[in-house]
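See structure below.
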Number of protein chains: 2
Amino acid sequence: MHYELALAVGETARGKASAIAREQTVEIPAGVAAAEVEQLTIGVVSAVAEPSARRARVAIDYPWRELVSDLPQLVNLLYGNISLQRGVRIVGIDWPAELVGQFPGPAFGVAGLRELLGVHNRALLAGALKPVGLGVPALARLAADCARGGLDLIKDDHSLADQRRAPFRDRVLAVAEHVARANRQSGHNCLYVPNLTGPVDSLAERLDDLRAAGVRAAMVAPLLLGLDAVRALAASSGVALVGHPSFAGSLVAPRLGFAPELLFGDLFRIAGCDAVIYPNAGGRFPFTLGDCRRIQHRLLAPLGALRPAFAMVAGGIDAAHLERWLPEYAVDTIFLVGGNLLGRPDVRAAAAELSELVAGAARRKGRR
Amino acid sequence: MHYELALAVGETARGKASAIAREQTVEIPAGVAAAEVEQLTIGVVSAVAEPSARRARVAIDYPWRELVSDLPQLVNLLYGNISLQRGVRIVGIDWPAELVGQFPGPAFGVAGLRELLGVHNRALLAGALKPVGLGVPALARLAADCARGGLDLIKDDHSLADQRRAPFRDRVLAVAEHVARANRQSGHNCLYVPNLTGPVDSLAERLDDLRAAGVRAAMVAPLLLGLDAVRALAASSGVALVGHPSFAGSLVAPRLGFAPELLFGDLFRIAGCDAVIYPNAGGRFPFTLGDCRRIQHRLLAPLGALRPAFAMVAGGIDAAHLERWLPEYAVDTIFLVGGNLLGRPDVRAAAAELSELVAGAARRKGRR
């Protein structure tokens, strides 16, 4: 594990690294436990670089076979107690294939999701049903317009939970039906992706509702539900999972937590997300294009035997800007169109315009 | 909801507050949705104070009845998307009693936990079983020594999950048996608090194991398992829950997330923790005594009809320092003794010394 450390006055890189290696494992002062017990489980500082008096880069090797029995405990090892300290950021993880192999990861992945959609060789487009406060009929009409306009996925806004104006079950049934009807007319397989949230002890029932409505995908917020709740859903739900970054942001704030590609790339993928939503550069959130591309890279790069996952970039995706963003990302990208689309007088026509842009770009690329 | 904002160049307090009120609710640009839908669900900026050009304090009222259907959605409203932005910290929440009333909170609370222990009118002492790497017999012996020394609670280290050297089930059975035997000899009711973690779909089975072993309490890390998983356990497990702060630290880092008392006080209590572990001032973590006392205050203060919960302060608790810390906290405090105790040659005698210190302080206070 590679860390970037901010050093306070009086701290040394090696001292701080040793303290982390101890804190995240045995969590007792040196000399308290028998040496053989410490040797078994304590982290070992394997590299120290101190480019300045205030910053350092260190690496720690952990005897993970002795430490990691499950996903919560992996997260605890990565960033449990040290989350409470200052100036510690995880910037690289050399994943042992055997460790990653404990987790099945995405059940669908890029190929499986493309199979569900029947769309290959081009980027995908997704729309969002919002705002919270709309009733079920309005949400269903909006979904039908997006589907008829050729969007590949339509997801609930992440704030649509089980509110009285659009209760989960009614909403899922109505939207799924409208999207299915639009699909029968268009011949496409637009996927409805409801927001699967709510009390964790209601998730099984909500999954039943969702499958009964013919829905094949769901959005989940791993930090709201718990990363391991998402792993459990990926392992057994039978639906494709789209991860949402709600409540995850403090974990990627400057100088703490994780480099964004480790959280939204590696960890969300290990938890089983088939696609991961994150803010596009240049929008309302402070993600750089470098961050965004690195997240995508980690979602697609080899990671044990896990399936690759889609990046689903959100923000700044309208007809005027889509051509700027398309070449910045791999073809296995889902572009999430938000308020821009909903603000257009004819949502269906606006969606069709975007769909044609993506198809046209793919044709041009195919000819080259 | 009260926020402290760090303003970047070009940002105004009112502008940033309005953007938050929109981001956390309708999440679309102004003018996209019908005015009556926005009016229904958007947050309203109710106060703006800008003491300097770089800092502001604002208040936003949310129509929570339209927005909050469950705990994940409450957390999403509090700090969902804005977690991804910069310079936003929640510093106060005026909880509507009706909103809090949606959540049962601690099933035991201070009174219930004291009832389990049979200890009233004094602070409590807890010990920790560690380090990870110890086998089951060594952990069980350590627990017995702590119990015989008069500690009120003995908890697993939060890194003890289901590792091969001390698998959950074997550990719980052996430690519970040793503590029960010590209790029969001493006449006390020392509570063993195993670390209830692991795959969330194994929690029900682990609870069965734990109850079968006669265990009446468990430690949970709300950010590792998910806050709502803890709520579900509090509602139905029948065991008292001790919340651990692992993986929660980025949420209380400076200038973002929550004031510590809102996370470890209000939210952990709403999720149903009967006691909340957090680092004591002056230890390895940057918590001030003010932070620590404010967390305790929120755990004990009126909050809807929720039961008050224990603060369980960790760090710097040894015989030399206990008398310094006792008067800083309310009597309804659990002092968690960590490595200090385990480093002593005779753990039982060292525990007895601490127990006598706490009992003596209570006697002196009773006489005053």
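A note on labels: chains of the structure tokens are A, B, ... as shown, every chain counts residues from 1, and ligands are counted from 1 in their shown order.
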If the cut-off is 6 Å, can you tell me the residues of chain B near chain A, counting only C-alpha atoms? I'd like them as a PDB file with N, CA, C and O atoms, in the first residue's frame.
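The resulting file, iface_27.pdb, is shown below:
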ATOM      1  N   VAL B  26     -33.401  19.027  -5.363  1.00  0.00           N
ATOM      2  CA  VAL B  26     -33.858  18.814  -6.742  1.00  0.00           C
ATOM      3  C   VAL B  26     -32.706  18.494  -7.692  1.00  0.00           C
ATOM      4  O   VAL B  26     -32.895  17.836  -8.710  1.00  0.00           O
ATOM      5  N   ILE B  28     -31.121  20.028  -9.997  1.00  0.00           N
ATOM      6  CA  ILE B  28     -31.189  20.454 -11.399  1.00  0.00           C
ATOM      7  C   ILE B  28     -31.078  21.970 -11.432  1.00  0.00           C
ATOM      8  O   ILE B  28     -31.375  22.645 -10.441  1.00  0.00           O
ATOM      9  N   VAL B  32     -35.604  24.461 -14.701  1.00  0.00           N
ATOM     10  CA  VAL B  32     -35.831  23.208 -15.430  1.00  0.00           C
ATOM     11  C   VAL B  32     -37.147  22.562 -15.001  1.00  0.00           C
ATOM     12  O   VAL B  32     -37.947  22.150 -15.831  1.00  0.00           O
ATOM     13  N   VAL B  37     -43.137  22.134  -8.283  1.00  0.00           N
ATOM     14  CA  VAL B  37     -42.351  20.970  -7.845  1.00  0.00           C
ATOM     15  C   VAL B  37     -41.141  21.440  -7.042  1.00  0.00           C
ATOM     16  O   VAL B  37     -40.822  20.910  -5.979  1.00  0.00           O
ATOM     17  N   THR B  41     -39.938  20.767  -2.720  1.00  0.00           N
ATOM     18  CA  THR B  41     -38.837  19.933  -2.224  1.00  0.00           C
ATOM     19  C   THR B  41     -37.499  20.639  -2.066  1.00  0.00           C
ATOM     20  O   THR B  41     -36.587  20.089  -1.452  1.00  0.00           O
ATOM     21  N   SER B  69     -37.265   9.340   3.659  1.00  0.00           N
ATOM     22  CA  SER B  69     -38.096   8.155   3.866  1.00  0.00           C
ATOM     23  C   SER B  69     -37.401   7.108   4.724  1.00  0.00           C
ATOM     24  O   SER B  69     -38.034   6.162   5.174  1.00  0.00           O
ATOM     25  N   ASP B  70     -36.121   7.265   4.968  1.00  0.00           N
ATOM     26  CA  ASP B  70     -35.364   6.240   5.681  1.00  0.00           C
ATOM     27  C   ASP B  70     -33.983   6.800   6.026  1.00  0.00           C
ATOM     28  O   ASP B  70     -33.634   7.905   5.623  1.00  0.00           O
ATOM     29  N   PRO B  72     -30.731   5.865   5.103  1.00  0.00           N
ATOM     30  CA  PRO B  72     -29.805   6.209   4.004  1.00  0.00           C
ATOM     31  C   PRO B  72     -30.214   7.514   3.302  1.00  0.00           C
ATOM     32  O   PRO B  72     -29.347   8.318   2.937  1.00  0.00           O
ATOM     33  N   TYR B  79     -25.563  14.870   3.632  1.00  0.00           N
ATOM     34  CA  TYR B  79     -24.195  15.000   3.128  1.00  0.00           C
ATOM     35  C   TYR B  79     -23.948  14.043   1.968  1.00  0.00           C
ATOM     36  O   TYR B  79     -22.923  13.387   1.912  1.00  0.00           O
ATOM     37  N   GLY B  80     -24.904  13.979   1.052  1.00  0.00           N
ATOM     38  CA  GLY B  80     -24.763  13.092  -0.094  1.00  0.00           C
ATOM     39  C   GLY B  80     -23.840  13.682  -1.143  1.00  0.00           C
ATOM     40  O   GLY B  80     -22.625  13.528  -1.086  1.00  0.00           O
ATOM     41  N   ASN B  81     -24.422  14.390  -2.100  1.00  0.00           N
ATOM     42  CA  ASN B  81     -23.598  14.974  -3.161  1.00  0.00           C
ATOM     43  C   ASN B  81     -22.625  16.036  -2.661  1.00  0.00           C
ATOM     44  O   ASN B  81     -21.519  16.159  -3.175  1.00  0.00           O
ATOM     45  N   SER B  83     -20.848  16.054  -0.250  1.00  0.00           N
ATOM     46  CA  SER B  83     -19.592  15.462   0.222  1.00  0.00           C
ATOM     47  C   SER B  83     -18.515  15.561  -0.849  1.00  0.00           C
ATOM     48  O   SER B  83     -17.324  15.545  -0.550  1.00  0.00           O
ATOM     49  N   LEU B  84     -18.932  15.668  -2.106  1.00  0.00           N
ATOM     50  CA  LEU B  84     -17.980  15.712  -3.220  1.00  0.00           C
ATOM     51  C   LEU B  84     -17.508  17.136  -3.509  1.00  0.00           C
ATOM     52  O   LEU B  84     -16.644  17.340  -4.366  1.00  0.00           O
ATOM     53  N   GLN B  85     -18.097  18.105  -2.835  1.00  0.00           N
ATOM     54  CA  GLN B  85     -17.659  19.485  -3.058  1.00  0.00           C
ATOM     55  C   GLN B  85     -16.658  19.897  -1.984  1.00  0.00           C
ATOM     56  O   GLN B  85     -16.313  19.117  -1.111  1.00  0.00           O
ATOM     57  N   PRO B 131      -3.573  -8.013  20.569  1.00  0.00           N
ATOM     58  CA  PRO B 131      -3.735  -7.631  19.175  1.00  0.00           C
ATOM     59  C   PRO B 131      -4.269  -8.770  18.310  1.00  0.00           C
ATOM     60  O   PRO B 131      -4.247  -9.936  18.722  1.00  0.00           O
ATOM     61  N   VAL B 132      -4.747  -8.392  17.109  1.00  0.00           N
ATOM     62  CA  VAL B 132      -5.045  -9.372  16.090  1.00  0.00           C
ATOM     63  C   VAL B 132      -3.770 -10.202  15.876  1.00  0.00           C
ATOM     64  O   VAL B 132      -2.661  -9.661  15.889  1.00  0.00           O
ATOM     65  N   GLY B 133      -3.928 -11.496  15.760  1.00  0.00           N
ATOM     66  CA  GLY B 133      -2.764 -12.380  15.668  1.00  0.00           C
ATOM     67  C   GLY B 133      -2.718 -13.316  16.866  1.00  0.00           C
ATOM     68  O   GLY B 133      -2.187 -14.415  16.796  1.00  0.00           O
ATOM     69  N   ASP B 162     -12.779 -12.349  11.424  1.00  0.00           N
ATOM     70  CA  ASP B 162     -12.973 -13.795  11.337  1.00  0.00           C
ATOM     71  C   ASP B 162     -11.693 -14.425  10.793  1.00  0.00           C
ATOM     72  O   ASP B 162     -11.730 -15.309   9.951  1.00  0.00           O
ATOM     73  N   GLN B 163     -10.563 -13.926  11.290  1.00  0.00           N
ATOM     74  CA  GLN B 163      -9.274 -14.424  10.803  1.00  0.00           C
ATOM     75  C   GLN B 163      -9.022 -15.843  11.301  1.00  0.00           C
ATOM     76  O   GLN B 163      -9.559 -16.261  12.331  1.00  0.00           O
ATOM     77  N   GLY B 198     -17.993  -8.503   9.432  1.00  0.00           N
ATOM     78  CA  GLY B 198     -17.972  -9.584   8.449  1.00  0.00           C
ATOM     79  C   GLY B 198     -18.995  -9.320   7.384  1.00  0.00           C
ATOM     80  O   GLY B 198     -19.654  -8.286   7.393  1.00  0.00           O
ATOM     81  N   LEU B 224     -18.223   0.984   8.521  1.00  0.00           N
ATOM     82  CA  LEU B 224     -17.790  -0.233   7.828  1.00  0.00           C
ATOM     83  C   LEU B 224     -18.983  -1.085   7.407  1.00  0.00           C
ATOM     84  O   LEU B 224     -18.995  -1.658   6.321  1.00  0.00           O
ATOM     85  N   LEU B 225     -19.986  -1.160   8.272  1.00  0.00           N
ATOM     86  CA  LEU B 225     -21.152  -2.007   7.967  1.00  0.00           C
ATOM     87  C   LEU B 225     -22.237  -1.234   7.236  1.00  0.00           C
ATOM     88  O   LEU B 225     -23.091  -1.827   6.581  1.00  0.00           O
ATOM     89  N   GLY B 226     -22.210   0.075   7.354  1.00  0.00           N
ATOM     90  CA  GLY B 226     -23.327   0.899   6.881  1.00  0.00           C
ATOM     91  C   GLY B 226     -24.136   1.343   8.085  1.00  0.00           C
ATOM     92  O   GLY B 226     -24.485   0.525   8.940  1.00  0.00           O
ATOM     93  N   SER B 246     -14.152   3.390  13.292  1.00  0.00           N
ATOM     94  CA  SER B 246     -13.324   3.003  12.146  1.00  0.00           C
ATOM     95  C   SER B 246     -13.946   3.475  10.839  1.00  0.00           C
ATOM     96  O   SER B 246     -15.159   3.343  10.633  1.00  0.00           O
ATOM     97  N   PHE B 247     -13.118   4.035   9.941  1.00  0.00           N
ATOM     98  CA  PHE B 247     -13.505   4.456   8.586  1.00  0.00           C
ATOM     99  C   PHE B 247     -14.404   5.697   8.604  1.00  0.00           C
ATOM    100  O   PHE B 247     -14.886   6.129   7.557  1.00  0.00           O
ATOM    101  N   GLY B 249     -13.396   8.674   9.976  1.00  0.00           N
ATOM    102  CA  GLY B 249     -12.629   9.879  10.268  1.00  0.00           C
ATOM    103  C   GLY B 249     -12.672  10.951   9.199  1.00  0.00           C
ATOM    104  O   GLY B 249     -12.661  12.143   9.516  1.00  0.00           O
ATOM    105  N   SER B 250     -12.723  10.563   7.918  1.00  0.00           N
ATOM    106  CA  SER B 250     -12.710  11.606   6.892  1.00  0.00           C
ATOM    107  C   SER B 250     -13.961  12.471   7.006  1.00  0.00           C
ATOM    108  O   SER B 250     -13.972  13.616   6.552  1.00  0.00           O
ATOM    109  N   LEU B 251     -15.003  11.945   7.622  1.00  0.00           N
ATOM    110  CA  LEU B 251     -16.248  12.711   7.780  1.00  0.00           C
ATOM    111  C   LEU B 251     -16.148  13.787   8.852  1.00  0.00           C
ATOM    112  O   LEU B 251     -17.061  14.605   8.989  1.00  0.00           O
ATOM    113  N   PHE B 285      -4.908  10.751  18.255  1.00  0.00           N
ATOM    114  CA  PHE B 285      -5.814  11.338  17.268  1.00  0.00           C
ATOM    115  C   PHE B 285      -6.089  12.792  17.608  1.00  0.00           C
ATOM    116  O   PHE B 285      -6.079  13.164  18.777  1.00  0.00           O
ATOM    117  N   GLY B 339      -3.904  -0.440  25.177  1.00  0.00           N
ATOM    118  CA  GLY B 339      -2.594  -1.073  25.280  1.00  0.00           C
ATOM    119  C   GLY B 339      -1.942  -0.895  26.640  1.00  0.00           C
ATOM    120  O   GLY B 339      -1.180  -1.764  27.084  1.00  0.00           O
ATOM    121  N   GLY B 343      -0.023  -4.044  28.516  1.00  0.00           N
ATOM    122  CA  GLY B 343       1.420  -4.024  28.678  1.00  0.00           C
ATOM    123  C   GLY B 343       1.871  -4.317  30.100  1.00  0.00           C
ATOM    124  O   GLY B 343       3.059  -4.458  30.370  1.00  0.00           O
TER     125      GLY B 343
END
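Among the residues of region 95-126 of chain B, backbone DSSP assigns alpha helix (DSSP H) to Ala97, Glu98, Leu99, Val100, Gly109, Val110, Ala111, Gly112, Leu113, Arg114, Glu115, Leu116 and Leu117 of chain B.
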Any chance you could export the current selection's all heavy atoms as a PDB file, in the first residue's frame?
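part-v6.pdb, written as the output of this step:
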ATOM      1  N   ALA B  97     -38.432  16.707  16.087  1.00  0.00           N
ATOM      2  CA  ALA B  97     -38.730  15.511  16.894  1.00  0.00           C
ATOM      3  C   ALA B  97     -39.427  14.452  16.045  1.00  0.00           C
ATOM      4  O   ALA B  97     -39.195  13.252  16.211  1.00  0.00           O
ATOM      5  CB  ALA B  97     -39.593  15.892  18.091  1.00  0.00           C
ATOM      6  N   GLU B  98     -40.252  14.893  15.109  1.00  0.00           N
ATOM      7  CA  GLU B  98     -41.007  13.944  14.290  1.00  0.00           C
ATOM      8  C   GLU B  98     -40.062  13.166  13.352  1.00  0.00           C
ATOM      9  O   GLU B  98     -40.286  11.986  13.070  1.00  0.00           O
ATOM     10  CB  GLU B  98     -42.039  14.730  13.476  1.00  0.00           C
ATOM     11  CG  GLU B  98     -43.106  13.891  12.826  1.00  0.00           C
ATOM     12  CD  GLU B  98     -43.959  14.753  11.885  1.00  0.00           C
ATOM     13  OE1 GLU B  98     -44.118  15.981  12.148  1.00  0.00           O
ATOM     14  OE2 GLU B  98     -44.430  14.205  10.867  1.00  0.00           O
ATOM     15  N   LEU B  99     -39.032  13.845  12.873  1.00  0.00           N
ATOM     16  CA  LEU B  99     -38.047  13.160  12.020  1.00  0.00           C
ATOM     17  C   LEU B  99     -37.259  12.133  12.834  1.00  0.00           C
ATOM     18  O   LEU B  99     -37.133  10.963  12.449  1.00  0.00           O
ATOM     19  CB  LEU B  99     -37.101  14.194  11.394  1.00  0.00           C
ATOM     20  CG  LEU B  99     -35.884  13.654  10.643  1.00  0.00           C
ATOM     21  CD1 LEU B  99     -36.298  12.744   9.496  1.00  0.00           C
ATOM     22  CD2 LEU B  99     -35.030  14.809  10.095  1.00  0.00           C
ATOM     23  N   VAL B 100     -36.752  12.575  13.975  1.00  0.00           N
ATOM     24  CA  VAL B 100     -36.009  11.650  14.838  1.00  0.00           C
ATOM     25  C   VAL B 100     -36.899  10.474  15.240  1.00  0.00           C
ATOM     26  O   VAL B 100     -36.432   9.334  15.354  1.00  0.00           O
ATOM     27  CB  VAL B 100     -35.474  12.393  16.082  1.00  0.00           C
ATOM     28  CG1 VAL B 100     -34.836  11.413  17.064  1.00  0.00           C
ATOM     29  CG2 VAL B 100     -34.465  13.464  15.670  1.00  0.00           C
ATOM     30  N   GLY B 109     -29.573   1.990  25.639  1.00  0.00           N
ATOM     31  CA  GLY B 109     -29.244   3.308  26.161  1.00  0.00           C
ATOM     32  C   GLY B 109     -28.482   3.190  27.474  1.00  0.00           C
ATOM     33  O   GLY B 109     -28.107   2.088  27.910  1.00  0.00           O
ATOM     34  N   VAL B 110     -28.260   4.339  28.094  1.00  0.00           N
ATOM     35  CA  VAL B 110     -27.488   4.365  29.339  1.00  0.00           C
ATOM     36  C   VAL B 110     -28.140   3.497  30.408  1.00  0.00           C
ATOM     37  O   VAL B 110     -27.492   2.638  31.025  1.00  0.00           O
ATOM     38  CB  VAL B 110     -27.340   5.829  29.836  1.00  0.00           C
ATOM     39  CG1 VAL B 110     -26.842   5.857  31.273  1.00  0.00           C
ATOM     40  CG2 VAL B 110     -26.394   6.597  28.912  1.00  0.00           C
ATOM     41  N   ALA B 111     -29.437   3.670  30.603  1.00  0.00           N
ATOM     42  CA  ALA B 111     -30.112   2.946  31.686  1.00  0.00           C
ATOM     43  C   ALA B 111     -30.115   1.442  31.419  1.00  0.00           C
ATOM     44  O   ALA B 111     -29.868   0.637  32.323  1.00  0.00           O
ATOM     45  CB  ALA B 111     -31.539   3.467  31.856  1.00  0.00           C
ATOM     46  N   GLY B 112     -30.370   1.071  30.158  1.00  0.00           N
ATOM     47  CA  GLY B 112     -30.433  -0.350  29.827  1.00  0.00           C
ATOM     48  C   GLY B 112     -29.087  -1.036  29.963  1.00  0.00           C
ATOM     49  O   GLY B 112     -28.996  -2.179  30.443  1.00  0.00           O
ATOM     50  N   LEU B 113     -28.037  -0.335  29.563  1.00  0.00           N
ATOM     51  CA  LEU B 113     -26.699  -0.915  29.673  1.00  0.00           C
ATOM     52  C   LEU B 113     -26.295  -1.027  31.147  1.00  0.00           C
ATOM     53  O   LEU B 113     -25.714  -2.035  31.578  1.00  0.00           O
ATOM     54  CB  LEU B 113     -25.717  -0.035  28.893  1.00  0.00           C
ATOM     55  CG  LEU B 113     -24.449  -0.670  28.346  1.00  0.00           C
ATOM     56  CD1 LEU B 113     -24.717  -1.937  27.553  1.00  0.00           C
ATOM     57  CD2 LEU B 113     -23.713   0.331  27.440  1.00  0.00           C
ATOM     58  N   ARG B 114     -26.651  -0.033  31.924  1.00  0.00           N
ATOM     59  CA  ARG B 114     -26.355  -0.110  33.369  1.00  0.00           C
ATOM     60  C   ARG B 114     -27.120  -1.266  34.006  1.00  0.00           C
ATOM     61  O   ARG B 114     -26.602  -1.946  34.900  1.00  0.00           O
ATOM     62  CB  ARG B 114     -26.717   1.208  34.050  1.00  0.00           C
ATOM     63  CG  ARG B 114     -25.702   2.338  33.787  1.00  0.00           C
ATOM     64  CD  ARG B 114     -25.863   3.439  34.832  1.00  0.00           C
ATOM     65  NE  ARG B 114     -24.899   4.526  34.678  1.00  0.00           N
ATOM     66  CZ  ARG B 114     -23.634   4.490  35.106  1.00  0.00           C
ATOM     67  NH1 ARG B 114     -23.159   3.399  35.701  1.00  0.00           N
ATOM     68  NH2 ARG B 114     -22.842   5.531  34.936  1.00  0.00           N
ATOM     69  N   GLU B 115     -28.335  -1.475  33.530  1.00  0.00           N
ATOM     70  CA  GLU B 115     -29.139  -2.585  34.050  1.00  0.00           C
ATOM     71  C   GLU B 115     -28.445  -3.926  33.762  1.00  0.00           C
ATOM     72  O   GLU B 115     -28.348  -4.780  34.640  1.00  0.00           O
ATOM     73  CB  GLU B 115     -30.514  -2.539  33.364  1.00  0.00           C
ATOM     74  CG  GLU B 115     -31.644  -3.172  34.145  1.00  0.00           C
ATOM     75  CD  GLU B 115     -31.828  -2.498  35.496  1.00  0.00           C
ATOM     76  OE1 GLU B 115     -31.812  -1.233  35.561  1.00  0.00           O
ATOM     77  OE2 GLU B 115     -31.944  -3.241  36.478  1.00  0.00           O
ATOM     78  N   LEU B 116     -27.951  -4.071  32.522  1.00  0.00           N
ATOM     79  CA  LEU B 116     -27.236  -5.305  32.155  1.00  0.00           C
ATOM     80  C   LEU B 116     -26.034  -5.538  33.063  1.00  0.00           C
ATOM     81  O   LEU B 116     -25.694  -6.675  33.403  1.00  0.00           O
ATOM     82  CB  LEU B 116     -26.731  -5.233  30.710  1.00  0.00           C
ATOM     83  CG  LEU B 116     -27.706  -5.469  29.557  1.00  0.00           C
ATOM     84  CD1 LEU B 116     -26.958  -5.386  28.230  1.00  0.00           C
ATOM     85  CD2 LEU B 116     -28.373  -6.839  29.694  1.00  0.00           C
ATOM     86  N   LEU B 117     -25.373  -4.430  33.418  1.00  0.00           N
ATOM     87  CA  LEU B 117     -24.149  -4.527  34.207  1.00  0.00           C
ATOM     88  C   LEU B 117     -24.419  -4.573  35.708  1.00  0.00           C
ATOM     89  O   LEU B 117     -23.577  -5.046  36.479  1.00  0.00           O
ATOM     90  CB  LEU B 117     -23.253  -3.317  33.921  1.00  0.00           C
ATOM     91  CG  LEU B 117     -22.662  -3.217  32.527  1.00  0.00           C
ATOM     92  CD1 LEU B 117     -22.201  -1.798  32.236  1.00  0.00           C
ATOM     93  CD2 LEU B 117     -21.501  -4.195  32.398  1.00  0.00           C
TER      94      LEU B 117
END
Asp145 (chain A) environment, 9 Å, only C-alpha atoms, sequence neighbours closer than 2 positions dropped, as a VMD selection string:
chain A and resid 140 to 143 147 to 150 179 182 346 to 349 351
Who sits within 8 Å of region 330-335 of chain B, only C-alpha atoms, same chain under 5 positions skipped, as a list in words:
Val110, Asn121, Arg122, Ala123, Leu124, Leu125, Ala126, Gln296, Phe310, Ala311, Met312, Val313, Ala314 and Ile317 of chain B
Keeping only all heavy atoms, take the residues you just selected and write them out as a short mmCIF file (atom, residue, chain, number, x, y, z; two decimals), in the first residue's frame.
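The result, stored in again.cif:
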data_model
loop_
_atom_site.label_atom_id
_atom_site.label_comp_id
_atom_site.auth_asym_id
_atom_site.auth_seq_id
_atom_site.Cartn_x
_atom_site.Cartn_y
_atom_site.Cartn_z
N VAL B 110 -28.26 4.34 28.09
CA VAL B 110 -27.49 4.36 29.34
C VAL B 110 -28.14 3.50 30.41
O VAL B 110 -27.49 2.64 31.02
CB VAL B 110 -27.34 5.83 29.84
CG1 VAL B 110 -26.84 5.86 31.27
CG2 VAL B 110 -26.39 6.60 28.91
N ASN B 121 -24.32 4.83 39.21
CA ASN B 121 -23.68 5.93 39.93
C ASN B 121 -22.16 5.98 39.86
O ASN B 121 -21.51 6.55 40.74
CB ASN B 121 -24.08 5.91 41.42
CG ASN B 121 -25.59 5.94 41.57
OD1 ASN B 121 -26.27 6.67 40.82
ND2 ASN B 121 -26.11 5.16 42.49
N ARG B 122 -21.58 5.34 38.89
CA ARG B 122 -20.14 5.57 38.68
C ARG B 122 -19.82 5.38 37.20
O ARG B 122 -20.60 4.79 36.45
CB ARG B 122 -19.28 4.64 39.54
CG ARG B 122 -19.38 3.17 39.21
CD ARG B 122 -18.18 2.41 39.79
NE ARG B 122 -18.32 0.97 39.68
CZ ARG B 122 -18.03 0.26 38.58
NH1 ARG B 122 -17.60 0.87 37.47
NH2 ARG B 122 -18.17 -1.06 38.58
N ALA B 123 -18.68 5.93 36.81
CA ALA B 123 -18.20 5.70 35.45
C ALA B 123 -17.85 4.23 35.28
O ALA B 123 -17.68 3.50 36.26
CB ALA B 123 -16.97 6.56 35.20
N LEU B 124 -17.77 3.80 34.03
CA LEU B 124 -17.49 2.39 33.74
C LEU B 124 -16.11 2.25 33.11
O LEU B 124 -15.58 3.19 32.53
CB LEU B 124 -18.55 1.84 32.78
CG LEU B 124 -20.01 1.95 33.27
CD1 LEU B 124 -20.97 1.48 32.17
CD2 LEU B 124 -20.22 1.14 34.54
N LEU B 125 -15.58 1.04 33.22
CA LEU B 125 -14.26 0.75 32.64
C LEU B 125 -14.38 -0.39 31.64
O LEU B 125 -15.03 -1.40 31.93
CB LEU B 125 -13.30 0.33 33.74
CG LEU B 125 -12.58 1.43 34.52
CD1 LEU B 125 -11.79 0.80 35.66
CD2 LEU B 125 -11.65 2.23 33.61
N ALA B 126 -13.72 -0.21 30.51
CA ALA B 126 -13.73 -1.27 29.50
C ALA B 126 -12.30 -1.60 29.10
O ALA B 126 -11.43 -0.73 29.07
CB ALA B 126 -14.52 -0.83 28.28
N GLN B 296 -19.95 13.80 23.91
CA GLN B 296 -20.67 13.23 25.04
C GLN B 296 -21.97 14.00 25.31
O GLN B 296 -23.01 13.39 25.57
CB GLN B 296 -19.81 13.24 26.29
CG GLN B 296 -20.65 12.98 27.53
CD GLN B 296 -19.89 12.36 28.65
OE1 GLN B 296 -19.20 13.07 29.36
NE2 GLN B 296 -20.00 11.06 28.79
N PHE B 310 -24.03 6.10 26.03
CA PHE B 310 -22.74 6.30 26.69
C PHE B 310 -21.69 6.81 25.72
O PHE B 310 -21.57 6.31 24.59
CB PHE B 310 -22.21 4.96 27.21
CG PHE B 310 -22.67 4.58 28.59
CD1 PHE B 310 -23.66 3.62 28.74
CD2 PHE B 310 -22.12 5.17 29.70
CE1 PHE B 310 -24.08 3.24 30.01
CE2 PHE B 310 -22.53 4.80 30.98
CZ PHE B 310 -23.51 3.84 31.13
N ALA B 311 -20.88 7.73 26.16
CA ALA B 311 -19.61 8.00 25.51
C ALA B 311 -18.63 6.94 25.99
O ALA B 311 -18.61 6.60 27.18
CB ALA B 311 -19.09 9.38 25.90
N MET B 312 -17.84 6.40 25.06
CA MET B 312 -16.80 5.42 25.44
C MET B 312 -15.49 5.99 24.92
O MET B 312 -15.17 5.85 23.75
CB MET B 312 -17.13 4.06 24.81
CG MET B 312 -16.25 2.92 25.27
SD MET B 312 -17.15 1.34 24.96
CE MET B 312 -15.86 0.15 25.24
N VAL B 313 -14.79 6.67 25.81
CA VAL B 313 -13.60 7.39 25.36
C VAL B 313 -12.37 6.49 25.46
O VAL B 313 -12.20 5.74 26.42
CB VAL B 313 -13.39 8.72 26.12
CG1 VAL B 313 -14.50 9.70 25.78
CG2 VAL B 313 -13.30 8.52 27.61
N ALA B 314 -11.56 6.58 24.43
CA ALA B 314 -10.45 5.65 24.28
C ALA B 314 -9.14 6.41 24.19
O ALA B 314 -9.05 7.42 23.50
CB ALA B 314 -10.64 4.83 23.01
N ILE B 317 -5.94 6.27 28.90
CA ILE B 317 -6.57 5.90 30.17
C ILE B 317 -5.68 4.87 30.88
O ILE B 317 -5.75 3.68 30.62
CB ILE B 317 -7.97 5.29 29.93
CG1 ILE B 317 -8.76 6.07 28.88
CG2 ILE B 317 -8.73 5.17 31.23
CD1 ILE B 317 -9.23 7.43 29.28
#
Using only C-alpha atoms, determine which residues lie at most 12 Å from Ala305 (chain B), disregarding the query and same-chain residues fewer than 5 positions distant; provide the list as a list in words.
Trp95, Pro96, Ala97, Glu98, Leu99, Val100, Gly101, Gln102, Phe103, Pro104, Gly105, Pro106, Ala107, Gly109, Arg269, Ile270 and Leu300 of chain B
